[in-house]
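Pasted below: structure.tsv, TSV, C-alpha atoms.
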```tsv
chain	number	residue	atom	x	y	z
A	666	MET	CA	7.85	-9.38	64.31
A	667	ASN	CA	6.93	-5.76	63.70
A	668	LEU	CA	10.44	-5.06	62.42
A	669	THR	CA	10.11	-7.89	59.94
A	670	LYS	CA	6.84	-6.50	58.56
A	671	VAL	CA	8.34	-3.05	58.20
A	672	PHE	CA	11.36	-4.44	56.38
A	673	ILE	CA	9.18	-6.41	53.94
A	674	ALA	CA	7.02	-3.36	53.27
A	675	LEU	CA	10.11	-1.26	52.58
A	676	ILE	CA	11.44	-3.78	50.04
A	677	ILE	CA	8.08	-3.89	48.22
A	678	THR	CA	7.94	-0.10	48.10
A	679	ILE	CA	11.46	0.20	46.67
A	680	SER	CA	10.70	-2.49	44.05
A	681	LEU	CA	7.53	-0.76	42.96
A	682	PHE	CA	9.30	2.57	42.76
A	683	GLY	CA	12.08	0.98	40.66
A	684	CYS	CA	9.63	-0.56	38.21
A	685	GLU	CA	7.77	2.72	37.84
A	686	SER	CA	11.03	4.51	37.16
A	687	ASN	CA	12.00	1.99	34.44
A	688	ASP	CA	8.60	2.25	32.76
A	689	ASN	CA	8.81	6.04	32.68
A	690	SER	CA	12.35	5.90	31.33
A	691	SER	CA	11.28	3.55	28.52
A	692	THR	CA	8.29	5.73	27.68
A	693	ASN	CA	10.39	8.89	27.61
A	694	SER	CA	12.97	7.19	25.34
A	695	GLN	CA	10.25	6.23	22.85
A	696	GLU	CA	8.71	9.67	22.85
A	697	GLU	CA	12.05	11.25	21.98
A	698	ILE	CA	12.11	9.52	18.55
A	699	ASN	CA	9.86	11.45	16.16
A	700	LEU	CA	8.78	9.24	13.27
A	701	GLU	CA	8.23	12.34	11.12
A	702	GLU	CA	12.04	12.56	10.96
A	703	ALA	CA	12.14	9.12	9.31
A	704	LYS	CA	10.29	10.21	6.16
A	705	LEU	CA	12.14	9.96	2.85
A	706	THR	CA	12.22	12.95	0.50
A	707	ASP	CA	13.95	11.18	-2.41
A	708	PHE	CA	14.85	7.71	-3.64
A	709	ILE	CA	18.07	7.69	-5.64
A	710	PHE	CA	19.40	4.59	-7.37
A	711	GLU	CA	23.09	3.82	-7.66
A	712	GLU	CA	22.84	2.37	-11.16
A	713	ILE	CA	20.56	4.78	-13.07
A	714	LYS	CA	18.99	8.22	-12.95
A	715	TYR	CA	15.22	8.33	-12.75
A	716	GLU	CA	13.08	10.56	-14.95
A	717	ASP	CA	10.31	11.20	-12.43
A	718	ILE	CA	9.37	10.28	-8.86
A	719	LYS	CA	6.12	10.44	-6.90
A	720	ILE	CA	6.29	9.98	-3.11
A	721	THR	CA	3.17	9.40	-0.99
A	722	GLN	CA	4.24	9.78	2.62
A	723	PRO	CA	3.06	7.30	5.28
A	724	THR	CA	0.29	8.57	7.55
A	725	ILE	CA	1.49	9.04	11.12
A	726	GLU	CA	-0.76	9.77	14.11
A	727	ASN	CA	0.40	9.98	17.71
A	728	ASN	CA	3.85	8.97	16.50
A	729	LYS	CA	2.48	5.71	15.09
A	730	GLU	CA	2.16	4.68	11.42
A	731	ILE	CA	-1.47	4.04	10.50
A	732	GLU	CA	-0.97	3.86	6.69
A	733	GLU	CA	2.13	2.87	4.74
A	734	GLY	CA	3.80	5.16	2.19
A	735	GLU	CA	4.33	4.61	-1.50
A	736	ILE	CA	7.04	5.60	-4.00
A	737	ILE	CA	6.48	5.35	-7.77
A	738	ILE	CA	9.64	5.95	-9.83
A	739	THR	CA	9.74	6.45	-13.62
A	740	ILE	CA	12.93	5.26	-15.31
A	741	PRO	CA	14.07	5.20	-18.97
A	742	ASN	CA	12.70	2.33	-21.02
A	743	THR	CA	16.25	1.71	-22.21
A	744	THR	CA	17.18	0.39	-18.76
A	745	THR	CA	18.57	-3.10	-19.27
A	746	SER	CA	18.37	-4.40	-15.68
A	747	LEU	CA	15.89	-3.80	-12.85
A	748	LEU	CA	18.30	-5.19	-10.25
A	749	LEU	CA	18.93	-1.87	-8.51
A	750	SER	CA	20.21	-0.53	-5.20
A	751	LEU	CA	19.35	2.49	-3.07
A	752	LYS	CA	22.28	4.93	-3.23
A	753	SER	CA	21.63	7.11	-0.15
A	754	ILE	CA	18.96	8.35	2.26
A	755	ASN	CA	18.19	11.77	3.69
A	756	ILE	CA	17.39	10.57	7.23
A	757	ASP	CA	19.76	10.33	10.21
A	758	SER	CA	21.47	6.94	9.98
A	759	ASP	CA	22.57	7.22	13.62
A	760	THR	CA	18.92	7.28	14.67
A	761	PHE	CA	17.20	5.09	12.10
A	762	ASN	CA	17.83	1.85	10.25
A	763	ILE	CA	16.48	1.19	6.75
A	764	SER	CA	15.83	-2.28	5.41
A	765	PRO	CA	16.80	-3.39	2.80
A	766	PRO	CA	19.98	-1.42	3.56
A	767	VAL	CA	21.58	1.25	1.37
A	768	GLY	CA	23.70	-0.41	-1.33
A	769	THR	CA	21.79	-3.71	-1.33
A	770	GLN	CA	20.48	-4.68	-4.76
A	771	GLU	CA	16.80	-5.57	-5.04
A	772	LEU	CA	14.85	-6.81	-8.05
A	773	PHE	CA	12.30	-4.11	-8.81
A	774	SER	CA	9.31	-4.44	-11.10
A	775	GLU	CA	6.40	-2.60	-12.70
A	776	THR	CA	3.87	-4.95	-11.08
A	777	GLU	CA	5.24	-5.83	-7.63
A	778	PHE	CA	6.27	-3.51	-4.80
A	779	VAL	CA	9.53	-3.71	-2.88
A	780	LYS	CA	8.90	-2.78	0.76
A	781	TYR	CA	11.41	-0.56	2.59
A	782	THR	CA	11.13	-0.34	6.40
A	783	ILE	CA	12.56	2.50	8.47
A	784	THR	CA	12.91	1.77	12.19
A	785	PRO	CA	14.26	3.78	15.14
A	786	LYS	CA	17.30	2.08	16.58
A	787	SER	CA	15.91	2.54	20.09
A	788	ASN	CA	12.53	0.95	19.35
A	789	PHE	CA	12.34	-1.81	16.75
A	790	GLU	CA	8.57	-2.11	17.11
A	791	ASN	CA	7.78	1.41	15.89
A	792	SER	CA	8.44	1.63	12.12
A	793	ILE	CA	7.25	3.30	8.94
A	794	HIS	CA	7.16	1.71	5.50
A	795	TYR	CA	7.49	2.65	1.82
A	796	ASN	CA	6.29	0.40	-0.97
A	797	VAL	CA	8.45	1.10	-4.03
A	798	LYS	CA	7.53	0.30	-7.64
A	799	LEU	CA	8.99	1.27	-11.05
A	800	ILE	CA	7.40	2.57	-14.24
A	801	LEU	CA	9.24	2.41	-17.56
A	802	THR	CA	8.67	5.35	-19.89
A	803	PRO	CA	6.43	4.34	-22.81
A	804	VAL	CA	8.07	3.43	-26.09
A	805	ASN	CA	7.36	5.73	-29.01
A	806	GLU	CA	7.39	3.50	-32.06
A	807	ASN	CA	7.29	6.55	-34.37
A	808	GLU	CA	10.11	8.40	-32.62
A	809	LYS	CA	11.72	10.92	-34.95
A	810	LEU	CA	15.50	10.73	-35.19
A	811	ALA	CA	17.49	13.76	-36.32
A	812	ILE	CA	20.19	16.26	-35.41
A	813	THR	CA	18.36	19.59	-35.52
A	814	SER	CA	21.19	21.91	-34.51
A	815	PHE	CA	24.95	21.38	-34.64
A	816	GLU	CA	27.19	24.26	-33.58
A	817	LEU	CA	30.96	24.04	-33.23
A	818	LEU	CA	32.83	26.32	-30.85
A	819	SER	CA	36.49	26.77	-31.72
A	820	ASN	CA	39.26	27.19	-29.20
A	821	ASP	CA	39.40	30.96	-29.75
A	822	THR	CA	35.73	31.07	-28.58
A	823	SER	CA	34.80	33.33	-31.48
A	824	ALA	CA	34.40	31.28	-34.64
A	825	PHE	CA	31.39	29.01	-34.77
A	826	THR	CA	29.01	27.65	-37.32
A	827	ASP	CA	25.63	25.93	-37.60
A	828	ILE	CA	24.41	23.27	-39.98
A	829	ASP	CA	24.91	24.39	-43.59
A	830	LEU	CA	23.90	21.17	-45.28
A	831	ILE	CA	22.69	17.66	-44.54
A	832	LYS	CA	22.99	15.25	-47.46
A	833	GLU	CA	22.53	11.54	-47.94
A	834	ALA	CA	25.88	9.75	-47.85
A	835	LYS	CA	26.02	7.51	-50.92
A	836	SER	CA	29.60	6.31	-50.86
A	837	LEU	CA	29.62	5.11	-47.23
A	838	GLN	CA	27.48	2.09	-46.43
A	839	THR	CA	27.66	2.57	-42.65
A	840	ILE	CA	26.84	6.30	-42.77
A	841	ASP	CA	23.35	7.67	-43.45
A	842	SER	CA	24.04	11.39	-43.89
A	843	LEU	CA	26.80	13.92	-44.29
A	844	LEU	CA	26.46	16.96	-42.04
A	845	VAL	CA	28.48	19.94	-43.27
A	846	CYS	CA	29.81	22.76	-41.09
A	847	LEU	CA	31.81	25.55	-42.74
A	848	PHE	CA	33.59	28.24	-40.74
A	849	PRO	CA	33.89	31.79	-42.07
A	850	LYS	CA	37.64	31.73	-41.37
A	851	SER	CA	40.49	29.29	-40.91
A	852	ILE	CA	40.59	27.75	-37.41
A	853	ASP	CA	42.22	24.97	-35.41
A	854	PHE	CA	40.17	21.96	-36.51
A	855	SER	CA	41.78	19.74	-33.85
A	856	ASP	CA	40.06	21.51	-30.95
A	857	LEU	CA	36.31	21.94	-31.48
A	858	THR	CA	33.40	21.48	-29.07
A	859	PRO	CA	30.02	20.53	-30.56
A	860	ALA	CA	26.81	21.96	-29.09
A	861	ILE	CA	23.98	19.75	-30.32
A	862	LYS	CA	20.20	19.62	-30.32
A	863	TYR	CA	18.59	16.41	-31.53
A	864	GLN	CA	15.40	14.39	-31.72
A	865	GLY	CA	15.68	10.88	-30.31
A	866	THR	CA	16.50	9.12	-27.07
A	867	LYS	CA	20.29	8.98	-27.15
A	868	ILE	CA	23.17	10.56	-29.05
A	869	GLU	CA	26.65	9.05	-29.31
A	870	TYR	CA	29.86	9.81	-31.20
A	871	ARG	CA	33.01	8.11	-32.42
A	872	VAL	CA	36.33	9.13	-33.94
A	873	ASN	CA	37.86	7.02	-36.73
A	874	ASP	CA	35.33	4.17	-36.67
A	875	THR	CA	35.90	3.27	-33.01
A	876	ASP	CA	33.03	2.19	-30.75
A	877	PHE	CA	30.31	4.77	-30.21
A	878	THR	CA	30.37	6.61	-26.85
A	879	GLU	CA	27.57	8.67	-25.36
A	880	TYR	CA	28.09	12.39	-26.01
A	881	PRO	CA	27.69	14.70	-22.97
A	882	ILE	CA	25.09	17.14	-24.29
A	883	ALA	CA	24.99	19.24	-21.09
A	884	THR	CA	28.72	19.96	-20.90
A	885	GLY	CA	29.96	19.30	-24.42
A	886	LYS	CA	33.29	17.66	-25.23
A	887	LYS	CA	36.31	18.74	-27.27
A	888	ILE	CA	36.84	16.60	-30.37
A	889	ASN	CA	39.67	16.49	-32.88
A	890	PHE	CA	38.07	17.02	-36.32
A	891	GLU	CA	41.42	17.56	-38.05
A	892	TYR	CA	41.97	15.56	-41.24
A	893	PRO	CA	42.47	12.59	-41.60
A	894	ASN	CA	40.22	12.03	-38.56
A	895	THR	CA	36.60	11.13	-39.26
A	896	VAL	CA	33.92	12.01	-36.69
A	897	ASP	CA	30.46	10.41	-36.64
A	898	PHE	CA	27.39	11.03	-34.47
A	899	LYS	CA	24.60	8.49	-33.99
A	900	VAL	CA	21.06	9.25	-32.80
A	901	THR	CA	19.15	6.22	-31.47
A	902	ASN	CA	15.55	5.56	-30.49
A	903	ALA	CA	14.32	4.34	-27.10
A	904	THR	CA	14.47	0.63	-27.92
A	905	ASN	CA	17.83	0.78	-29.72
A	906	SER	CA	16.05	-0.68	-32.75
A	907	GLN	CA	16.56	2.32	-35.03
A	908	SER	CA	19.34	4.86	-35.46
A	909	ILE	CA	20.72	7.42	-37.89
A	910	VAL	CA	24.45	8.08	-38.31
A	911	TYR	CA	25.91	11.41	-39.43
A	912	ARG	CA	29.48	11.94	-40.61
A	913	ILE	CA	30.61	15.50	-39.95
A	914	ILE	CA	32.42	17.52	-42.63
A	915	VAL	CA	34.19	20.49	-41.04
A	916	ASP	CA	36.05	23.04	-43.15
A	917	SER	CA	36.48	26.75	-43.81
A	918	GLU	CA	34.28	28.48	-46.38
A	919	GLN	CA	37.30	29.51	-48.44
A	920	PRO	CA	40.17	27.02	-48.01
A	921	ILE	CA	42.35	28.48	-50.80
A	922	SER	CA	44.36	31.52	-49.78
A	923	PHE	CA	46.55	33.27	-52.37
A	924	ASP	CA	49.72	35.00	-51.20
A	925	LYS	CA	48.93	38.06	-53.32
A	926	PRO	CA	45.79	39.27	-55.11
A	927	GLU	CA	47.45	39.88	-58.47
A	928	VAL	CA	49.88	38.09	-60.77
A	929	VAL	CA	51.70	40.12	-63.44
A	930	ILE	CA	53.65	38.21	-66.07
A	931	PRO	CA	56.62	39.69	-67.91
A	932	ASP	CA	56.04	41.53	-71.18
A	933	LEU	CA	55.88	39.22	-74.18
A	934	LYS	CA	56.27	39.74	-77.88
A	935	VAL	CA	53.36	38.89	-80.15
A	936	GLY	CA	53.62	35.20	-81.08
A	937	ASP	CA	55.71	34.25	-78.06
A	938	THR	CA	54.68	31.58	-75.57
A	939	PHE	CA	55.06	31.72	-71.82
A	940	ASN	CA	55.40	28.83	-69.39
A	941	GLY	CA	55.18	30.48	-66.01
A	942	VAL	CA	55.69	27.80	-63.35
A	943	ASN	CA	55.44	29.00	-59.74
A	944	VAL	CA	54.72	32.62	-60.58
A	945	ALA	CA	52.90	32.85	-57.22
A	946	THR	CA	51.95	30.65	-54.26
A	947	TRP	CA	48.83	29.72	-52.36
A	948	THR	CA	48.07	27.89	-49.12
A	949	ASN	CA	45.51	25.26	-48.22
A	950	GLU	CA	43.94	26.79	-45.10
A	951	GLY	CA	41.12	24.26	-45.03
A	952	ASN	CA	40.75	20.83	-43.47
A	953	TYR	CA	40.92	18.52	-46.50
A	954	PRO	CA	43.38	17.89	-49.37
A	955	ILE	CA	42.90	19.96	-52.51
A	956	THR	CA	43.55	18.42	-55.92
A	957	THR	CA	45.38	20.12	-58.79
A	958	MET	CA	42.89	22.30	-60.62
A	959	SER	CA	42.31	24.85	-63.34
A	960	PRO	CA	39.77	27.69	-63.17
A	961	ASN	CA	36.14	26.90	-63.85
A	962	GLU	CA	35.87	30.21	-65.65
A	963	TYR	CA	37.57	33.53	-66.31
A	964	THR	CA	35.74	36.74	-65.66
A	965	LEU	CA	36.42	40.47	-66.04
A	966	VAL	CA	38.39	39.68	-69.17
A	967	LYS	CA	40.12	42.64	-70.82
A	968	SER	CA	41.97	42.60	-74.14
A	969	PRO	CA	42.87	45.02	-76.97
A	970	ILE	CA	39.95	43.80	-79.08
A	971	GLU	CA	36.62	42.16	-78.37
A	972	GLY	CA	36.10	38.47	-78.94
A	973	ILE	CA	39.18	37.13	-77.18
A	974	ASN	CA	38.16	35.22	-74.07
A	975	THR	CA	41.57	35.14	-72.42
A	976	ILE	CA	45.14	34.35	-73.31
A	977	PHE	CA	45.93	32.94	-69.85
A	978	ALA	CA	45.79	29.28	-68.77
A	979	VAL	CA	46.09	29.12	-65.00
A	980	THR	CA	46.58	26.01	-62.84
A	981	LEU	CA	46.96	25.45	-59.12
A	982	SER	CA	49.27	22.60	-58.21
A	983	LYS	CA	51.94	21.33	-55.87
A	984	SER	CA	55.57	21.71	-56.89
A	985	SER	CA	56.27	18.05	-56.08
A	986	GLY	CA	52.99	16.85	-57.58
A	987	GLY	CA	49.98	15.30	-55.90
A	988	ASN	CA	47.37	16.81	-53.62
A	989	ILE	CA	47.95	19.92	-51.55
A	990	ASN	CA	47.25	18.84	-47.98
A	991	PRO	CA	45.98	21.13	-45.21
A	992	LYS	CA	48.55	23.76	-44.18
A	993	GLU	CA	50.69	23.00	-47.25
A	994	THR	CA	51.67	25.59	-49.86
A	995	GLY	CA	50.92	25.16	-53.55
A	996	ILE	CA	52.06	27.03	-56.63
A	997	VAL	CA	50.31	29.11	-59.29
A	998	ASN	CA	51.24	28.35	-62.90
A	999	VAL	CA	50.35	30.57	-65.87
A	1000	VAL	CA	50.79	29.40	-69.47
A	1001	ILE	CA	50.28	31.58	-72.58
A	1002	THR	CA	50.23	29.99	-76.02
A	1003	ASN	CA	47.95	32.31	-77.99
A	1004	THR	CA	49.33	35.84	-78.32
A	1005	PRO	CA	47.78	37.32	-81.46
A	1006	ILE	CA	47.65	41.09	-80.88
A	1007	GLU	CA	49.79	43.51	-78.93
A	1008	GLY	CA	48.26	45.29	-75.98
A	1009	GLU	CA	47.27	44.75	-72.38
A	1010	TYR	CA	45.47	41.63	-71.23
A	1011	GLU	CA	43.76	40.91	-67.95
A	1012	ALA	CA	41.46	38.27	-66.47
A	1013	THR	CA	40.22	37.00	-63.12
A	1014	ALA	CA	40.36	33.26	-62.55
A	1015	LEU	CA	37.48	31.67	-60.60
A	1016	PHE	CA	37.64	28.29	-58.85
A	1017	LYS	CA	34.31	26.76	-57.81
A	1018	LEU	CA	35.09	24.16	-55.14
A	1019	ASN	CA	33.19	20.94	-54.50
A	1020	PHE	CA	33.66	18.08	-52.06
A	1021	ASN	CA	34.30	14.51	-53.24
A	1022	GLU	CA	32.91	12.08	-50.65
A	1023	ASN	CA	34.59	9.13	-52.37
A	1024	SER	CA	38.13	10.51	-52.05
A	1025	TRP	CA	37.40	12.97	-49.21
A	1026	LYS	CA	39.10	15.74	-51.21
A	1027	ILE	CA	38.27	19.21	-52.51
A	1028	VAL	CA	37.87	19.32	-56.29
A	1029	ASN	CA	36.41	21.72	-58.84
A	1030	THR	CA	34.94	19.18	-61.21
A	1031	PRO	CA	31.18	19.17	-61.89
A	1032	THR	CA	28.90	17.77	-59.21
A	1033	ASP	CA	27.45	14.26	-59.36
A	1034	ASP	CA	26.14	11.71	-56.85
A	1035	PHE	CA	29.45	11.70	-55.00
A	1036	ILE	CA	30.81	15.19	-55.72
A	1037	ASN	CA	28.81	17.77	-53.84
A	1038	ASP	CA	28.49	21.51	-53.66
A	1039	ILE	CA	28.67	21.92	-49.89
A	1040	GLY	CA	28.78	25.70	-49.82
A	1041	TYR	CA	32.39	26.70	-50.42
A	1042	LYS	CA	32.83	30.30	-51.47
A	1043	ILE	CA	34.34	30.87	-54.90
A	1044	SER	CA	38.12	31.15	-54.65
A	1045	GLU	CA	39.51	33.91	-56.81
A	1046	LEU	CA	42.92	34.62	-58.21
A	1047	LEU	CA	41.80	38.23	-58.51
A	1048	LYS	CA	43.88	39.33	-61.45
A	1049	VAL	CA	46.26	37.88	-64.02
A	1050	LYS	CA	47.80	40.65	-66.09
A	1051	GLY	CA	50.22	40.76	-68.98
A	1052	THR	CA	51.26	42.97	-71.88
A	1053	LEU	CA	52.13	41.91	-75.39
A	1054	VAL	CA	54.54	44.22	-77.23
A	1055	ASN	CA	55.55	44.43	-80.87
```
What is this structure when it is put down as structure tokens?
Amino acid sequence: MNLTKVFIALIITISLFGCESNDNSSTNSQEEINLEEAKLTDFIFEEIKYEDIKITQPTIENNKEIEEGEIIITIPNTTTSLLLSLKSINIDSDTFNISPPVGTQELFSETEFVKYTITPKSNFENSIHYNVKLILTPVNENEKLAITSFELLSNDTSAFTDIDLIKEAKSLQTIDSLLVCLFPKSIDFSDLTPAIKYQGTKIEYRVNDTDFTEYPIATGKKINFEYPNTVDFKVTNATNSQSIVYRIIVDSEQPISFDKPEVVIPDLKVGDTFNGVNVATWTNEGNYPITTMSPNEYTLVKSPIEGINTIFAVTLSKSSGGNINPKETGIVNVVITNTPIEGEYEATALFKLNFNENSWKIVNTPTDDFINDIGYKISELLKVKGTLVN
């Protein structure tokens, strides 16, 4: 009988000791998980980049949440869908679960919160919470749209230019303005990287009337501006309700390059005529075709007597006719029909270049609504010399 009582007492003691051990083990396991380690330091969406974020951390006392946290995220007002997903979290995913999970799309709003719960995997009853809400940036109805700076870096990293001229485009219905960039020297127009500053919400570009694509302002992007390519940039407001489109004109300041600075014609007798075809050559070092042209004026005229303007009639043309395209060589022609007095004659031919936005060619005809002075330097055939003998 006594042995039975002792045996029963021993069993009870062992059971009590086992229960106490399990309770302590459970308590120790809970205490090892620090809820402070479950706090979020960012909230990144997979679909968009936010503009601002404000995180109010949950209040934790004695490793228990006593007040939930809050996250207010500001996103662009151009965002088309508020069905968004959390991209990643900064907490240890081996220790904590987050619900809704990373990658799960939720419908966010400016008025209702989406609750995210972070729970230790070892204790599902001890959690912290974040209530997440979105704010769309306010719409500026009077948003100014403009390109304020447009620099082009060439592939030799030395030649660049800024805006020389912005002009209303009258011949192109889909284009608002022409933006002109002239380089001080001839460059490779097929390999240029724009660096742009603008006013507006978004800037895009296209080549040859394709669909507009967002331009990477931070890194820049190489674009082929070489004729006959056309390159346009579009600046748009926050609601996509207004935009302004620029077509970029890129050229060198002095596209005509003569092979020699002076042309000397053979001696002529008084009364003779001279039809000098291809007495010299020149090259189109610019980016657009150049039409056949005569000088706008002659300067530094010298003759045996005063009162004679010049005896020379100079033209720039192409031997096969037509326009002189970029990188092509043209010819210099000199005609003399009026040779009244013997002596030495000399003149400098000046060509004042303009841009025709109807034909997209370089001309030297007077300006009008469609022919513009865009800042070309005067091209000079420095000297034409000849002597008339008796």
Please indicate the distance in Å from CA of Arg912 in chain A to CA of Thr744 in chain A, rounded to one decimal place.
->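 It comes out at 27.6 Å.
Across A:Glu962, A:Glu771, A:Glu730, A:Glu891, the tightest approach to Leu1046 in chain A is made by A:Glu962 when counting only C-alpha atoms.
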(message) Residues proximal to (19.5, 2.9, -34.5) were defined as those with any atom within 12 Å of that point in the file's coordinates, counting all atoms listed in the file. Which are they, as number ranges by chain?
(response) A: 808-811, 839-841, 865-869, 877, 898-911
query = Interatomic distance between CA of Glu733 in chain A and CA of Asn699 in chain A?
reply =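 So the two atoms, CA of Glu733 in chain A and CA of Asn699 in chain A, lie 16.2 Å apart.
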_List as a PyMOL selection string the residues having at least one atom at most 8 Å from position (7.8, -0.4, -3.4) as given in the file, counting only C-alpha atoms._
chain A and resi 735-737+773+777-781+795-799
One decimal place gives the CA of Ser792 in chain A-CA of Thr769 in chain A separation as 19.7 Å
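Using only C-alpha atoms, the nearest neighbour of Ile783 in chain A within the list A:Ile831, A:Ala703, A:Leu801, A:Ile720 is A:Ala703.
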Q. Between A:Gln919, A:Lys992, A:Glu1009, A:Gly972, which is the closest to Tyr892 in chain A once you count all atoms listed in the file?
A.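 Of A:Gln919, A:Lys992, A:Glu1009, A:Gly972, the one nearest Tyr892 in chain A, counting all atoms listed in the file, is A:Lys992.
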Fill in: Neighbour list for range 923-938 of chain A as a ChimeraX atom specification, cut-off 6 Å, only C-alpha atoms, skip fewer than 6 positions in-chain
/A:946-947,1001-1002,1004-1005,1007,1047-1055
Nearby residues (all atoms listed in the file) at most 8 Å from Leu857 in chain A, same-chain spacing under 6 positions excluded, as a PyMOL selection string: chain A and resi 817-820+887-890
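Using only C-alpha atoms, the shortest contact distance between Val1000 in chain A and any of A:Trp1025, A:Tyr1041, A:Phe1020, A:Phe977 is found at A:Phe977.
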Point out the residue among A:Ile738, A:Ala883, A:Val872, A:Ile793 with the least atom-to-atom distance to Ser764 in chain A, counting only C-alpha atoms.
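Ranked by minimum distance to Ser764 in chain A, first place goes to A:Ile793.
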Open item on the list: Taking 6 positions as the minimum chain separation for residues in the same chain, which residues sit within 10 Å of Pro859 in chain A when counting all atoms listed in the file? Answer as a VMD selection string.
Closed with: chain A and resid 814 to 819 825 to 827 880 to 882 884 to 888
Of A:Thr858, A:Thr724, A:Thr760, A:Thr975, the one nearest to Asn1003 in chain A when counting only C-alpha atoms is A:Thr975
